[in-house]
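Asks: Just one file: model.txt, with compact mmCIF, C-alpha atoms.
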# COMPACT_ATOMS: atom_id res chain seq x y z
CA MET L 1083 2.97 15.45 -31.82
CA VAL L 1084 2.29 17.70 -28.84
CA SER L 1085 -0.30 19.68 -30.77
CA GLY L 1086 -2.10 16.43 -31.68
CA ILE L 1087 -2.34 15.49 -28.01
CA GLY L 1088 -3.71 18.95 -27.27
CA ILE L 1089 -6.28 18.53 -30.04
CA ALA L 1090 -7.44 15.24 -28.51
CA TRP L 1091 -7.85 16.81 -25.06
CA VAL L 1092 -9.74 19.83 -26.46
CA ILE L 1093 -12.14 17.47 -28.26
CA VAL L 1094 -12.75 15.51 -25.06
CA ALA L 1095 -13.28 18.71 -23.03
CA ALA L 1096 -15.68 20.10 -25.65
CA GLY L 1097 -17.65 16.85 -25.58
CA ILE L 1098 -17.85 16.81 -21.79
CA PHE L 1099 -19.06 20.41 -21.65
CA GLY L 1100 -21.47 19.61 -24.46
CA TYR L 1101 -23.02 16.96 -22.24
CA TRP L 1102 -23.30 19.52 -19.43
CA MET L 1103 -25.34 21.81 -21.69
CA VAL L 1104 -28.14 19.22 -21.94
CA TRP L 1105 -28.32 18.94 -18.12
CA ASP L 1106 -29.83 15.50 -17.81
CA GLN L 1107 -28.83 12.71 -15.42
CA ARG L 1108 -25.74 11.92 -17.48
CA ALA L 1109 -24.67 15.56 -17.24
CA GLN L 1110 -25.32 15.49 -13.49
CA LEU L 1111 -23.04 12.45 -13.14
CA ILE L 1112 -20.34 14.01 -15.33
CA ALA L 1113 -20.53 17.32 -13.45
CA THR L 1114 -20.30 15.63 -10.06
CA LEU L 1115 -17.37 13.42 -11.05
CA SER L 1116 -15.57 16.27 -12.83
CA ALA L 1117 -15.99 18.49 -9.78
CA HIS L 1118 -14.61 15.68 -7.60
CA MET L 1119 -11.55 15.43 -9.85
CA LEU L 1120 -11.01 19.20 -9.98
CA GLU L 1121 -11.32 19.51 -6.19
CA ASN L 1122 -8.08 17.59 -5.85
CA ILE L 1123 -6.14 20.30 -7.66
CA PRO L 1124 -5.00 22.66 -4.88
CA ILE L 1125 -6.08 25.89 -6.62
CA PHE L 1126 -9.73 25.85 -5.59
CA GLY L 1127 -10.71 27.09 -2.14
CA ILE L 1128 -14.10 25.52 -1.51
CA PRO L 1129 -15.17 22.14 -2.83
CA LEU L 1130 -16.64 22.49 -6.32
CA SER L 1131 -19.11 19.68 -5.75
CA LEU L 1132 -21.03 21.97 -3.38
CA ASN L 1133 -22.22 23.82 -6.49
CA PHE L 1134 -24.16 20.70 -7.44
CA ALA L 1135 -25.61 20.02 -4.00
CA ARG L 1136 -28.82 22.01 -4.48
CA ALA L 1137 -30.76 23.17 -7.50
CA GLU L 1138 -30.74 26.76 -6.19
CA HIS L 1139 -26.97 26.92 -6.68
CA LEU L 1140 -27.30 26.39 -10.43
CA THR L 1141 -28.21 29.70 -11.98
CA ASP L 1142 -28.42 30.87 -15.57
CA GLN L 1143 -24.92 32.28 -15.17
CA PHE L 1144 -23.56 28.76 -14.67
CA PHE L 1145 -25.05 27.61 -17.95
CA TYR L 1146 -23.78 30.71 -19.77
CA ILE L 1147 -20.29 29.85 -18.54
CA ILE L 1148 -20.71 26.27 -19.78
CA LEU L 1149 -21.97 27.56 -23.12
CA PHE L 1150 -18.97 29.90 -23.41
CA ILE L 1151 -16.50 27.14 -22.55
CA HIS L 1152 -18.11 24.73 -25.00
CA PHE L 1153 -18.09 27.17 -27.91
CA SER L 1154 -14.68 28.67 -27.14
CA SER L 1155 -13.17 25.19 -27.18
CA ILE L 1156 -13.91 25.14 -30.93
CA PHE L 1157 -11.77 28.27 -31.30
CA PHE L 1158 -8.89 26.59 -29.44
CA LEU L 1159 -9.39 23.50 -31.57
CA PHE L 1160 -8.93 25.53 -34.76
CA ILE L 1161 -5.83 27.24 -33.34
CA LEU L 1162 -4.33 23.86 -32.43
CA LEU L 1163 -5.22 22.47 -35.85
CA LEU L 1164 -3.44 25.42 -37.44
CA VAL L 1165 -0.35 24.81 -35.30
CA HIS L 1166 -0.58 21.11 -36.12
CA ILE L 1167 -0.58 21.50 -39.92
CA VAL L 1168 1.36 24.74 -40.43
CA ARG L 1169 4.66 22.87 -40.70
CA VAL L 1170 3.42 20.70 -43.56
CA THR L 1171 3.79 22.21 -47.02
CA ARG L 1172 0.74 21.81 -49.24
CA ALA L 1173 -1.23 20.09 -46.51
CA VAL L 1174 -4.41 18.43 -47.72
CA ILE L 1175 -6.99 18.78 -44.97
CA ASN L 1176 -10.17 18.03 -46.89
CA PRO L 1177 -10.94 14.39 -47.73
CA PRO L 1178 -11.78 13.34 -51.27
CA ARG L 1179 -15.30 14.40 -52.22
CA VAL L 1180 -16.59 10.82 -52.56
CA LEU L 1181 -15.33 9.92 -49.09
CA ALA L 1182 -16.86 13.07 -47.58
CA TYR L 1183 -20.25 12.28 -49.13
CA ALA L 1184 -20.04 8.64 -48.02
CA VAL L 1185 -19.29 9.62 -44.41
CA MET L 1186 -22.08 12.21 -44.47
CA ALA L 1187 -24.56 9.63 -45.79
CA ALA L 1188 -23.43 7.07 -43.19
CA LEU L 1189 -23.84 9.55 -40.33
CA PHE L 1190 -27.25 10.56 -41.67
CA ALA L 1191 -28.34 6.89 -41.82
CA VAL L 1192 -27.02 6.14 -38.33
CA SER L 1193 -28.88 9.17 -36.94
CA PHE L 1194 -32.15 7.59 -38.10
CA ILE L 1195 -31.25 4.05 -37.04
CA ARG L 1196 -29.99 5.03 -33.58
CA PRO L 1197 -30.90 8.63 -32.72
CA ALA L 1198 -29.21 10.47 -29.89
CA THR L 1199 -31.47 10.57 -26.86
CA SER L 1200 -31.25 12.37 -23.56
CA ALA L 1201 -31.42 10.72 -20.19
CA PRO L 1202 -34.14 11.78 -17.74
CA GLN L 1203 -33.90 15.33 -16.40
CA ALA L 1204 -31.32 15.92 -13.67
CA GLU L 1205 -32.57 16.13 -10.11
CA LEU L 1206 -29.85 17.28 -7.76
CA GLY L 1207 -31.65 15.92 -4.70
CA ARG L 1208 -31.37 12.36 -5.99
CA LEU L 1209 -28.40 10.15 -6.76
CA VAL L 1210 -27.97 9.04 -10.34
CA GLU L 1211 -28.62 5.31 -10.58
CA ALA L 1212 -27.93 4.30 -14.16
CA VAL L 1213 -27.18 6.45 -17.17
CA PRO L 1214 -26.26 5.66 -20.77
CA PHE L 1215 -22.48 5.65 -20.90
CA ASP L 1216 -20.40 7.16 -23.69
CA TRP L 1217 -16.95 5.57 -23.69
CA PHE L 1218 -15.52 8.13 -26.12
CA TYR L 1219 -15.97 11.11 -23.82
CA MET L 1220 -16.43 9.50 -20.40
CA PHE L 1221 -13.56 6.99 -20.51
CA ILE L 1222 -11.74 8.51 -17.54
CA TYR L 1223 -14.58 8.39 -15.01
CA PRO L 1224 -14.67 4.61 -14.37
CA LEU L 1225 -11.04 4.84 -13.24
CA LEU L 1226 -12.24 6.83 -10.20
CA GLY L 1227 -13.63 3.55 -8.86
CA TYR L 1228 -10.15 2.02 -8.85
CA MET L 1229 -7.89 4.91 -7.90
CA SER L 1230 -8.14 8.23 -6.12
CA ALA L 1231 -8.45 11.50 -8.00
CA HIS L 1232 -4.85 12.35 -6.97
CA GLN L 1233 -3.58 9.13 -8.51
CA LEU L 1234 -5.67 9.74 -11.62
CA TRP L 1235 -4.19 13.23 -12.09
CA GLY L 1236 -0.71 11.78 -11.61
CA PHE L 1237 -1.45 9.08 -14.16
CA TRP L 1238 -2.79 11.49 -16.83
CA SER L 1239 -0.49 14.47 -16.22
CA PRO L 1240 2.29 15.01 -18.75
CA ARG L 1241 5.79 14.24 -17.58
CA PRO L 1242 8.95 16.10 -18.63
Translate the structure described by the file into structure tokens.
Replies:
Amino acid sequence: MVSGIGIAWVIVAAGIFGYWMVWDQRAQLIATLSAHMLENIPIFGIPLSLNFARAEHLTDQFFYIILFIHFSSIFFLFILLLVHIVRVTRAVINPPRVLAYAVMAALFAVSFIRPATSAPQAELGRLVEAVPFDWFYMFIYPLLGYMSAHQLWGFWSPRP
């Protein structure tokens, strides 16, 4: 059970960092809110949101770090999947061929019906007004309007 929870969090983290790689207004909003949440963990010296105050602070190195985190999360996902299914003898991890083809065809059709689009390019000098919202990956951010980041960390942190 614990490995399944870890898998879910790795998928969410990979999706959030995947949005950062596009660097549009949605990514700007996610980066600002994520930095605000991480600032409330007492391991960082200076506020992380200062990195997103000016465009000069965002260098190529920042995006290489994001790229590394995004792709290394897949490695951790595979490790957690291995831990998750290693206890099951004769585990079947591939779906039936017909189901796999049906899902692939459905995703292909949906990609033509409703293609993924980017928001306008991020401008750090301006506040983000309205962005398309993805409830699968960004579900935690609306809670910042109702509780502080400290309360949110206390709410989502695992308890012994």
Asks: Write out as a PyMOL selection string the residues lying within 10 Å of Leu1115 (chain L), counting only C-alpha atoms and excluding same-chain residues fewer than 3 positions away.
Replies: chain L and resi 1109-1112+1118-1121+1131+1222-1224+1226+1231
Asks: Which residues come within 10 Å of Phe1134 (chain L), counting all atoms listed in the file, excluding same-chain residues fewer than 3 positions away, as an MDAnalysis selection string?
Replies: chainID L and resid 1110 1113:1114 1117 1130:1131 1137:1140 1205:1207
Asks: Keeping only C-alpha atoms, write the selected residues to a file as an mmCIF file, in the coordinates of the input.
Replies:
data_model
loop_
_atom_site.group_PDB
_atom_site.id
_atom_site.type_symbol
_atom_site.label_atom_id
_atom_site.label_comp_id
_atom_site.auth_asym_id
_atom_site.auth_seq_id
_atom_site.Cartn_x
_atom_site.Cartn_y
_atom_site.Cartn_z
ATOM 1 C CA GLN L 1110 -25.320 15.490 -13.490
ATOM 2 C CA ALA L 1113 -20.530 17.320 -13.450
ATOM 3 C CA THR L 1114 -20.300 15.630 -10.060
ATOM 4 C CA ALA L 1117 -15.990 18.490 -9.780
ATOM 5 C CA LEU L 1130 -16.640 22.490 -6.320
ATOM 6 C CA SER L 1131 -19.110 19.680 -5.750
ATOM 7 C CA ALA L 1137 -30.760 23.170 -7.500
ATOM 8 C CA GLU L 1138 -30.740 26.760 -6.190
ATOM 9 C CA HIS L 1139 -26.970 26.920 -6.680
ATOM 10 C CA LEU L 1140 -27.300 26.390 -10.430
ATOM 11 C CA GLU L 1205 -32.570 16.130 -10.110
ATOM 12 C CA LEU L 1206 -29.850 17.280 -7.760
ATOM 13 C CA GLY L 1207 -31.650 15.920 -4.700
#
Asks: Could you jot down the CA of Phe1099 (chain L) to CA of Ala1184 (chain L) separation for me, Å, one decimal place?
Replies: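 These two atoms are separated by 28.9 Å.
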Asks: Go ahead and compute the interatomic distance for CA of Val1104 (chain L) and CA of Ala1191 (chain L), in Å to one decimal.
Replies: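 CA of Ala1191 (chain L) lies 23.4 Å from CA of Val1104 (chain L).
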Asks: Any idea what the distance is between CA of Gln1203 (chain L) and CA of Tyr1101 (chain L)?
Replies: 12.5 Å
Asks: Identify which of the residues L:Phe1190, L:Ser1155, L:Asp1106, L:Ser1085 lies closest to Val1168 (chain L), counting only C-alpha atoms when measuring atom-to-atom distances.
Replies: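 Selected residue with least distance to Val1168 (chain L): L:Ser1085.
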Asks: How big is the axis-aligned box around all listed atoms of region 1188-1207 of chain L once 5 Å goes on each side, and where's its centre, in Å to one decimal, as JSON?
Replies:
{"center_x": -28.8, "center_y": 10.7, "center_z": -23.9, "size_x": 20.7, "size_y": 23.2, "size_z": 48.5}
Asks: Under the rule that only C-alpha atoms are counted, which of L:Phe1153, L:Ser1116, L:Phe1158, L:Val1170 is the nearest residue to Asn1133 (chain L)?
Replies: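 For Asn1133 (chain L), the nearest of the candidates is L:Ser1116.
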Asks: Ranking L:Ala1187, L:Val1210, L:Ile1148, L:Leu1162 by minimum distance to Trp1102 (chain L) and counting only C-alpha atoms, which one comes first?
Replies: L:Ile1148
Asks: Rank L:Ile1167, L:Met1103, L:Ala1090, L:Ala1204 by their smallest atom-to-atom distance to Tyr1146 (chain L), using all atoms listed in the file, and report the top residue only.
Replies: L:Met1103
Asks: Using all atoms listed in the file, which residues sit within 12 Å of Arg1169 (chain L) once same-chain residues fewer than 4 positions away are excluded, as a PyMOL selection string?
Replies: chain L and resi 1083+1085+1163-1165+1173
Asks: From the set L:Leu1132, L:Ser1200, L:Leu1181, L:Ile1093, which residue has the shortest atom-to-atom contact distance to Phe1157 (chain L), counting only C-alpha atoms?
Replies: L:Ile1093
Asks: Looking at L:Ala1135, L:Ile1098, L:Pro1124, L:Met1229, which one is nearest to Ile1151 (chain L), with distances taken over only C-alpha atoms?
Replies: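 Among the listed residues, L:Ile1098 lies closest to Ile1151 (chain L).
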